[in-house]
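Visitor: Questions regarding the structure given below will be posed in turn.
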Amino acid sequence: MEKKAPFNLDTYDLKEELDRLRGKVKKPNILIAGATGSGKSSVVNHVFGRDLTKVAAGEPVTRGIHEFKSEDVAIVLYDSEGYEIGSARQEAYADEVIGFVERAGSKGAAEQMHLVWYAINASMKRVTALDKALIRRLNDVTSVAVVFTQIDQVDLDELAALREEVKDVVANDAVFQVSVASELLSDPELRVHLDWERLVTWSVEQLDQSLQEGLLMEVRAESEEMLKLKRKKANRIISGYVASAGTAAAVPLPFADAIALTPIQVTMSVHLFRYWGVKTNDDMLRALIGSTVIPQIGRALSKTILLNVMKFFPGANAAASVINATVASGITWAIGLAINEVAYRNAMDSSKTIEQLLNSDFGSLFEQFMAQNPVTKKKD
Ligand SMILES: Nc1nc2c(ncn2[C@@H]2O[C@H](COP(=O)(O)OP(=O)(O)OP(=O)(O)O)[C@@H](O)[C@H]2O)c(=O)[nH]1
Ligand SMILES: [Mg+2]
């Protein structure tokens with residue numbers, strides 16, 4: 001096996017890598033529908049933690065519907081202007097929305113509306129016949145979440161009555177009740193009535209795997225449940241790199257004083273940081289990976305793994321400084337999980353910076369995940 005030229009982080013084009021990743025993420029199209037003032041924008045702002053209609057450029061795509069997209073946003077949002085309940089406009093609105101969704105659907109998988117969030121203001125205490133008819137028609141074409149908003153304005157009986165009204169329009173697990181009122185959000189006892197996490201989980205599950213990452217990338221609400229979902233779903237990103245590390249022919253064996261990462265692992269790290277919304281620019285990423293990740297991997301490997309490398313990985317040839325696919329996969333897997341865990345901890349508790357966490361936690365996490373490696377485990 002030919003030995004590869006050592007990979008050099010300093011000459012690695014992170015910017016190009018970032019641009020490539022940005023281009024690769026498939027974006028789910030999400031339509032927000034519902035009456036004027038029903039709470040559409042509040043739902044979007046809460047789930048994504050920012051006003052995407054301000055971040056992204058908006059363009060009318062059809063009467064009453066604006067498309068918001070940007071290079072920096074991993075979803076495409078369609079916000080409909082809504083209608084006044086009971087107005088003549090309501091009927092036209094229904095036709096516009098269904099027409100738009102049907103036309104998009106006929107254009108193919110990338111163009112279709114992958115999700116519709118249909119907002120109904122709970123404080124109106126009713127679901128109109130037109131709402132029901134429109135939801136039913138949309139539901140024939142795509143996945144529709146019925147989102148009862150502003151539930152701080154109603155009591156539990158009224159809420160139950162509202163849910164009852166849509167029970168034969170959509171499945172019960174596609175009905176959600178939410179509020180952005182801080183009295184509810186900040187009170188653990190009242191919070192249980194809010195379905196924010198369930199809305200996101202359900203929405204992610206409606207999407208093809210290739211689209212899930214985009215939605216999860218944009219989710220910013222900082223609840224533990226949502227972040228755990230995000231952590232779990234990152235396994236799919238990691239698996240992709242583990243597979244390519246395994247198919248790379250011969251990978252230089254990482255020594256403490258030599259090169260510790262291959263382009264595959266650096267790209268994976270960049271990808272995971274980006275997935276978690278870690279503010280990325282070339283210099284900071286390069287510094288982070290160079291100063292925190294690489295030395296700790298080197299240390300961990302020389303301390304524990306190299307001593308046992310022949311035992312754990314019979315295919316490894318330490319003398320030739322080459323490791324086989326199994327070892328490369330195992331190391332890549334552990335780096336990915338450790339980076340993912342650090343990013344998760346950073347999202348949970350922003351009192352420490354990602355750099356501090358990488359310094360304090362990455363090494364031991366890497367060792368821990370190396371020890372849990374399914375490859376080495378089989379040998380127990
Ligand atoms: N009490 C309460 N008020 C809310 C809640 N969500 C939204 N509102 C209020 O309802 C009004 C409409 O909310 P938006 O989110 O702008 O509704 P929208 O559907 O985007 O409205 P349009 O874009 O004008 O059609 C605003 O005054 C919000 O402050 C909520 O959970 N509780
Ligand atoms: Mg709005």
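Quick note on naming: the chains in the structure tokens go A, B, ... in the order shown, residues restart at 1 in each chain, and ligands are numbered from 1 in order of appearance.
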For A:Leu156, work out the shell of residues within 12 Å, counting only C-alpha atoms and skipping chain neighbours fewer than 2 positions away, then give it as an NGL selection string.
Guide: :A and (122-123 or 125 or 151-154 or 158-163 or 177 or 190 or 193-194)
Visitor: Based on the selection just made, write N, CA and C atoms of those residues as a PDB file, in the first residue's frame.
Guide:
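Writing done, so here's part31.pdb:
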```
ATOM      1  N   ALA A 122     -56.089  29.754  18.619  1.00  0.00           N
ATOM      2  CA  ALA A 122     -57.001  29.076  19.560  1.00  0.00           C
ATOM      3  C   ALA A 122     -57.968  30.062  20.219  1.00  0.00           C
ATOM      4  N   SER A 123     -57.539  31.300  20.384  1.00  0.00           N
ATOM      5  CA  SER A 123     -58.419  32.247  21.082  1.00  0.00           C
ATOM      6  C   SER A 123     -59.654  32.616  20.262  1.00  0.00           C
ATOM      7  N   LYS A 125     -61.482  30.363  19.214  1.00  0.00           N
ATOM      8  CA  LYS A 125     -62.362  29.316  19.756  1.00  0.00           C
ATOM      9  C   LYS A 125     -63.211  28.607  18.714  1.00  0.00           C
ATOM     10  N   ILE A 151     -52.386  29.458  22.833  1.00  0.00           N
ATOM     11  CA  ILE A 151     -53.231  28.675  23.741  1.00  0.00           C
ATOM     12  C   ILE A 151     -53.236  29.241  25.159  1.00  0.00           C
ATOM     13  N   ASP A 152     -52.370  30.232  25.416  1.00  0.00           N
ATOM     14  CA  ASP A 152     -52.462  30.935  26.705  1.00  0.00           C
ATOM     15  C   ASP A 152     -53.788  31.673  26.853  1.00  0.00           C
ATOM     16  N   GLN A 153     -54.505  31.840  25.750  1.00  0.00           N
ATOM     17  CA  GLN A 153     -55.768  32.584  25.759  1.00  0.00           C
ATOM     18  C   GLN A 153     -57.002  31.697  25.999  1.00  0.00           C
ATOM     19  N   VAL A 154     -56.811  30.414  26.151  1.00  0.00           N
ATOM     20  CA  VAL A 154     -57.975  29.526  26.319  1.00  0.00           C
ATOM     21  C   VAL A 154     -57.754  28.564  27.493  1.00  0.00           C
ATOM     22  N   GLU A 158     -61.683  24.329  26.378  1.00  0.00           N
ATOM     23  CA  GLU A 158     -61.805  24.958  25.059  1.00  0.00           C
ATOM     24  C   GLU A 158     -60.811  24.343  24.072  1.00  0.00           C
ATOM     25  N   LEU A 159     -59.657  24.036  24.597  1.00  0.00           N
ATOM     26  CA  LEU A 159     -58.628  23.417  23.769  1.00  0.00           C
ATOM     27  C   LEU A 159     -59.066  22.020  23.292  1.00  0.00           C
ATOM     28  N   ALA A 160     -59.647  21.284  24.223  1.00  0.00           N
ATOM     29  CA  ALA A 160     -60.117  19.942  23.881  1.00  0.00           C
ATOM     30  C   ALA A 160     -61.200  20.022  22.804  1.00  0.00           C
ATOM     31  N   ALA A 161     -62.067  21.032  22.916  1.00  0.00           N
ATOM     32  CA  ALA A 161     -63.138  21.203  21.929  1.00  0.00           C
ATOM     33  C   ALA A 161     -62.548  21.519  20.553  1.00  0.00           C
ATOM     34  N   LEU A 162     -61.501  22.340  20.541  1.00  0.00           N
ATOM     35  CA  LEU A 162     -60.860  22.682  19.263  1.00  0.00           C
ATOM     36  C   LEU A 162     -60.232  21.443  18.624  1.00  0.00           C
ATOM     37  N   ARG A 163     -59.560  20.668  19.444  1.00  0.00           N
ATOM     38  CA  ARG A 163     -58.920  19.453  18.914  1.00  0.00           C
ATOM     39  C   ARG A 163     -59.977  18.499  18.348  1.00  0.00           C
ATOM     40  N   GLN A 177     -50.464  22.110  19.918  1.00  0.00           N
ATOM     41  CA  GLN A 177     -50.925  23.311  20.597  1.00  0.00           C
ATOM     42  C   GLN A 177     -49.712  24.063  21.136  1.00  0.00           C
ATOM     43  N   LEU A 190     -46.716  24.435  33.356  1.00  0.00           N
ATOM     44  CA  LEU A 190     -47.573  24.827  32.233  1.00  0.00           C
ATOM     45  C   LEU A 190     -46.963  24.419  30.891  1.00  0.00           C
ATOM     46  N   HIS A 193     -48.051  21.607  28.524  1.00  0.00           N
ATOM     47  CA  HIS A 193     -49.179  21.735  27.583  1.00  0.00           C
ATOM     48  C   HIS A 193     -48.737  22.203  26.200  1.00  0.00           C
ATOM     49  N   LEU A 194     -47.491  22.581  26.094  1.00  0.00           N
ATOM     50  CA  LEU A 194     -46.998  23.096  24.809  1.00  0.00           C
ATOM     51  C   LEU A 194     -46.336  21.980  23.997  1.00  0.00           C
TER      52      LEU A 194
END
```
Visitor: Write out as a Markdown table a residue-level contact list of chain A versus ligand 1 with cut-off 7 Å: for each qualifying residue the closest pair of atoms and the distance in Å to one decimal, counting only C-alpha atoms and all ligand atoms, rows sorted by chain and residue number upward.
Guide:
```
| residue | atom | partner | partner_atom_place_in_ligand_line | distance |
| --- | --- | --- | --- | --- |
| A:Gly34 | CA | ligand 1 | 19 (O) | 6.5 |
| A:Ala35 | CA | ligand 1 | 25 (O) | 6.0 |
| A:Thr36 | CA | ligand 1 | 25 (O) | 3.2 |
| A:Gly37 | CA | ligand 1 | 21 (O) | 3.3 |
| A:Ser38 | CA | ligand 1 | 19 (O) | 4.0 |
| A:Gly39 | CA | ligand 1 | 17 (O) | 3.2 |
| A:Lys40 | CA | ligand 1 | 19 (O) | 3.7 |
| A:Ser41 | CA | ligand 1 | 20 (O) | 3.6 |
| A:Ser42 | CA | ligand 1 | 15 (O) | 3.7 |
| A:Val43 | CA | ligand 1 | 15 (O) | 6.5 |
| A:Glu81 | CA | ligand 1 | 25 (O) | 5.3 |
| A:Gly82 | CA | ligand 1 | 25 (O) | 4.9 |
| A:Thr149 | CA | ligand 1 | 31 (O) | 5.6 |
| A:Gln150 | CA | ligand 1 | 31 (O) | 3.4 |
| A:Ile151 | CA | ligand 1 | 31 (O) | 6.3 |
| A:Asp152 | CA | ligand 1 | 32 (N) | 5.8 |
| A:Gln153 | CA | ligand 1 | 1 (N) | 6.1 |
| A:Val178 | CA | ligand 1 | 31 (O) | 6.5 |
| A:Ser179 | CA | ligand 1 | 31 (O) | 3.3 |
| A:Val180 | CA | ligand 1 | 31 (O) | 3.9 |
| A:Ala181 | CA | ligand 1 | 32 (N) | 4.9 |
```
Visitor: Just write the chosen residues, C-alpha atoms, as a PDB file, in the first residue's frame.
Guide:
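Saved file again.pdb follows:
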```
ATOM      1  CA  GLY A  34     -53.496  30.327   8.311  1.00  0.00           C
ATOM      2  CA  ALA A  35     -55.607  33.409   8.929  1.00  0.00           C
ATOM      3  CA  THR A  36     -54.175  36.892   9.327  1.00  0.00           C
ATOM      4  CA  GLY A  37     -52.835  37.321  12.832  1.00  0.00           C
ATOM      5  CA  SER A  38     -53.208  33.628  13.624  1.00  0.00           C
ATOM      6  CA  GLY A  39     -49.612  33.530  14.817  1.00  0.00           C
ATOM      7  CA  LYS A  40     -47.752  32.237  11.757  1.00  0.00           C
ATOM      8  CA  SER A  41     -44.755  34.500  12.195  1.00  0.00           C
ATOM      9  CA  SER A  42     -44.592  33.823  15.922  1.00  0.00           C
ATOM     10  CA  VAL A  43     -44.418  30.076  15.265  1.00  0.00           C
ATOM     11  CA  GLU A  81     -50.466  36.491   3.720  1.00  0.00           C
ATOM     12  CA  GLY A  82     -53.458  34.969   5.407  1.00  0.00           C
ATOM     13  CA  THR A 149     -51.543  28.947  18.509  1.00  0.00           C
ATOM     14  CA  GLN A 150     -51.928  31.359  21.418  1.00  0.00           C
ATOM     15  CA  ILE A 151     -53.231  28.675  23.741  1.00  0.00           C
ATOM     16  CA  ASP A 152     -52.462  30.935  26.705  1.00  0.00           C
ATOM     17  CA  GLN A 153     -55.768  32.584  25.759  1.00  0.00           C
ATOM     18  CA  VAL A 178     -48.447  26.101  21.156  1.00  0.00           C
ATOM     19  CA  SER A 179     -47.929  29.535  22.605  1.00  0.00           C
ATOM     20  CA  VAL A 180     -45.076  31.989  22.761  1.00  0.00           C
ATOM     21  CA  ALA A 181     -46.353  33.556  25.984  1.00  0.00           C
TER      22      ALA A 181
END
```
Visitor: Near stretch 360-376 of chain A, counting only C-alpha atoms, which residues have an atom at most 7 Å away, once you skip same-chain residues fewer than 2 positions from it, shown as a list in words?
Guide: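 Final neighbour list, sorted by chain and number: Gln296, Ile297, Ala300, Phe312, Gly330, Ile331, Ala334, Ile335, Ala338, Ile339, Val342, Gln356, Leu357, Leu358, Lys378 and Lys379 of chain A.
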Visitor: Would you output that residue set with N, CA and C atoms, as a PDB file, in the first residue's frame?
Guide:
```
ATOM      1  N   GLN A 296      -5.518  16.716  21.168  1.00  0.00           N
ATOM      2  CA  GLN A 296      -6.172  15.803  22.107  1.00  0.00           C
ATOM      3  C   GLN A 296      -6.334  14.408  21.517  1.00  0.00           C
ATOM      4  N   ILE A 297      -6.609  14.347  20.236  1.00  0.00           N
ATOM      5  CA  ILE A 297      -6.694  13.030  19.595  1.00  0.00           C
ATOM      6  C   ILE A 297      -5.324  12.366  19.638  1.00  0.00           C
ATOM      7  N   ALA A 300      -4.666  11.181  23.161  1.00  0.00           N
ATOM      8  CA  ALA A 300      -5.495  10.020  23.534  1.00  0.00           C
ATOM      9  C   ALA A 300      -5.020   8.759  22.806  1.00  0.00           C
ATOM     10  N   PHE A 312      -6.551  -4.393  19.515  1.00  0.00           N
ATOM     11  CA  PHE A 312      -7.906  -3.960  19.152  1.00  0.00           C
ATOM     12  C   PHE A 312      -8.189  -4.136  17.674  1.00  0.00           C
ATOM     13  N   GLY A 330     -13.255   3.530  13.027  1.00  0.00           N
ATOM     14  CA  GLY A 330     -13.422   3.634  14.478  1.00  0.00           C
ATOM     15  C   GLY A 330     -13.003   4.992  14.997  1.00  0.00           C
ATOM     16  N   ILE A 331     -11.891   5.484  14.502  1.00  0.00           N
ATOM     17  CA  ILE A 331     -11.402   6.791  14.942  1.00  0.00           C
ATOM     18  C   ILE A 331     -12.349   7.893  14.473  1.00  0.00           C
ATOM     19  N   ALA A 334     -15.459   7.991  16.585  1.00  0.00           N
ATOM     20  CA  ALA A 334     -15.247   8.576  17.912  1.00  0.00           C
ATOM     21  C   ALA A 334     -15.056  10.095  17.838  1.00  0.00           C
ATOM     22  N   ILE A 335     -14.357  10.561  16.820  1.00  0.00           N
ATOM     23  CA  ILE A 335     -14.190  12.015  16.661  1.00  0.00           C
ATOM     24  C   ILE A 335     -15.557  12.660  16.427  1.00  0.00           C
ATOM     25  N   ALA A 338     -17.684  12.714  19.567  1.00  0.00           N
ATOM     26  CA  ALA A 338     -17.147  13.638  20.569  1.00  0.00           C
ATOM     27  C   ALA A 338     -17.438  15.085  20.178  1.00  0.00           C
ATOM     28  N   ILE A 339     -17.247  15.416  18.912  1.00  0.00           N
ATOM     29  CA  ILE A 339     -17.546  16.777  18.438  1.00  0.00           C
ATOM     30  C   ILE A 339     -19.038  17.060  18.620  1.00  0.00           C
ATOM     31  N   VAL A 342     -19.855  17.681  22.255  1.00  0.00           N
ATOM     32  CA  VAL A 342     -19.366  19.003  22.677  1.00  0.00           C
ATOM     33  C   VAL A 342     -20.313  20.100  22.180  1.00  0.00           C
ATOM     34  N   GLN A 356     -13.758  26.511  24.838  1.00  0.00           N
ATOM     35  CA  GLN A 356     -13.515  26.019  26.205  1.00  0.00           C
ATOM     36  C   GLN A 356     -13.960  24.571  26.348  1.00  0.00           C
ATOM     37  N   LEU A 357     -15.133  24.282  25.787  1.00  0.00           N
ATOM     38  CA  LEU A 357     -15.649  22.917  25.888  1.00  0.00           C
ATOM     39  C   LEU A 357     -14.781  21.920  25.131  1.00  0.00           C
ATOM     40  N   LEU A 358     -14.303  22.334  23.982  1.00  0.00           N
ATOM     41  CA  LEU A 358     -13.425  21.438  23.226  1.00  0.00           C
ATOM     42  C   LEU A 358     -12.168  21.145  24.033  1.00  0.00           C
ATOM     43  N   LYS A 378     -16.657  -5.709  19.928  1.00  0.00           N
ATOM     44  CA  LYS A 378     -16.846  -7.092  19.483  1.00  0.00           C
ATOM     45  C   LYS A 378     -15.780  -8.015  20.069  1.00  0.00           C
ATOM     46  N   LYS A 379     -14.618  -7.409  20.345  1.00  0.00           N
ATOM     47  CA  LYS A 379     -13.496  -8.210  20.818  1.00  0.00           C
ATOM     48  C   LYS A 379     -13.577  -8.516  22.320  1.00  0.00           C
TER      49      LYS A 379
END
```
Visitor: So, with only C-alpha atoms and all ligand atoms as the atoms that count, which of A:Leu185, A:Ala56, A:Ile30, A:Val44 lies closest to ligand 2?
Guide: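 With only C-alpha atoms and all ligand atoms as the atom set, the closest residue is A:Val44.
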Visitor: May I have the residues within 8 Å of A:Asn340 as a list of chain:residue names, using only C-alpha atoms and disregarding those fewer than 2 positions away in the same chain?
Guide: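 Skipping anything fewer than 2 positions along the chain leaves A:Arg231, A:Ala234, A:Leu272, A:Gly336, A:Leu337, A:Ala338, A:Val342, A:Ala343, A:Tyr344.
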Visitor: Next, dump the selected residues to file, keeping only N, CA and C atoms, as a PDB file, in the first residue's frame.
Guide:
```
ATOM      1  N   ARG A 231     -29.044  16.101  18.451  1.00  0.00           N
ATOM      2  CA  ARG A 231     -27.839  15.307  18.714  1.00  0.00           C
ATOM      3  C   ARG A 231     -27.978  13.911  18.101  1.00  0.00           C
ATOM      4  N   ALA A 234     -27.690  13.729  14.350  1.00  0.00           N
ATOM      5  CA  ALA A 234     -26.353  13.974  13.815  1.00  0.00           C
ATOM      6  C   ALA A 234     -25.641  12.661  13.513  1.00  0.00           C
ATOM      7  N   LEU A 272     -20.214  19.209  11.247  1.00  0.00           N
ATOM      8  CA  LEU A 272     -20.949  19.145  12.518  1.00  0.00           C
ATOM      9  C   LEU A 272     -21.041  20.528  13.183  1.00  0.00           C
ATOM     10  N   GLY A 336     -16.345  12.048  15.546  1.00  0.00           N
ATOM     11  CA  GLY A 336     -17.663  12.601  15.225  1.00  0.00           C
ATOM     12  C   GLY A 336     -18.553  12.682  16.442  1.00  0.00           C
ATOM     13  N   LEU A 337     -18.618  11.597  17.195  1.00  0.00           N
ATOM     14  CA  LEU A 337     -19.490  11.598  18.374  1.00  0.00           C
ATOM     15  C   LEU A 337     -19.000  12.596  19.421  1.00  0.00           C
ATOM     16  N   ALA A 338     -17.684  12.714  19.567  1.00  0.00           N
ATOM     17  CA  ALA A 338     -17.147  13.638  20.569  1.00  0.00           C
ATOM     18  C   ALA A 338     -17.438  15.085  20.178  1.00  0.00           C
ATOM     19  N   VAL A 342     -19.855  17.681  22.255  1.00  0.00           N
ATOM     20  CA  VAL A 342     -19.366  19.003  22.677  1.00  0.00           C
ATOM     21  C   VAL A 342     -20.313  20.100  22.180  1.00  0.00           C
ATOM     22  N   ALA A 343     -20.721  19.984  20.932  1.00  0.00           N
ATOM     23  CA  ALA A 343     -21.621  20.992  20.366  1.00  0.00           C
ATOM     24  C   ALA A 343     -22.972  20.973  21.075  1.00  0.00           C
ATOM     25  N   TYR A 344     -23.431  19.788  21.421  1.00  0.00           N
ATOM     26  CA  TYR A 344     -24.692  19.647  22.168  1.00  0.00           C
ATOM     27  C   TYR A 344     -24.570  20.332  23.533  1.00  0.00           C
TER      28      TYR A 344
END
```
Visitor: Calculate how many Å separate atom CA of A:Val47 from atom CA of A:Val200, rounding to one decimal.
Guide: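 It comes out at 7.8 Å.
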Visitor: Let me make sure I understand: among A:Glu59, A:Glu84, A:Asp157, A:Asp13, which one has the smallest atom-to-atom distance to A:Asp131 if we use only C-alpha atoms?
Guide: A:Glu84
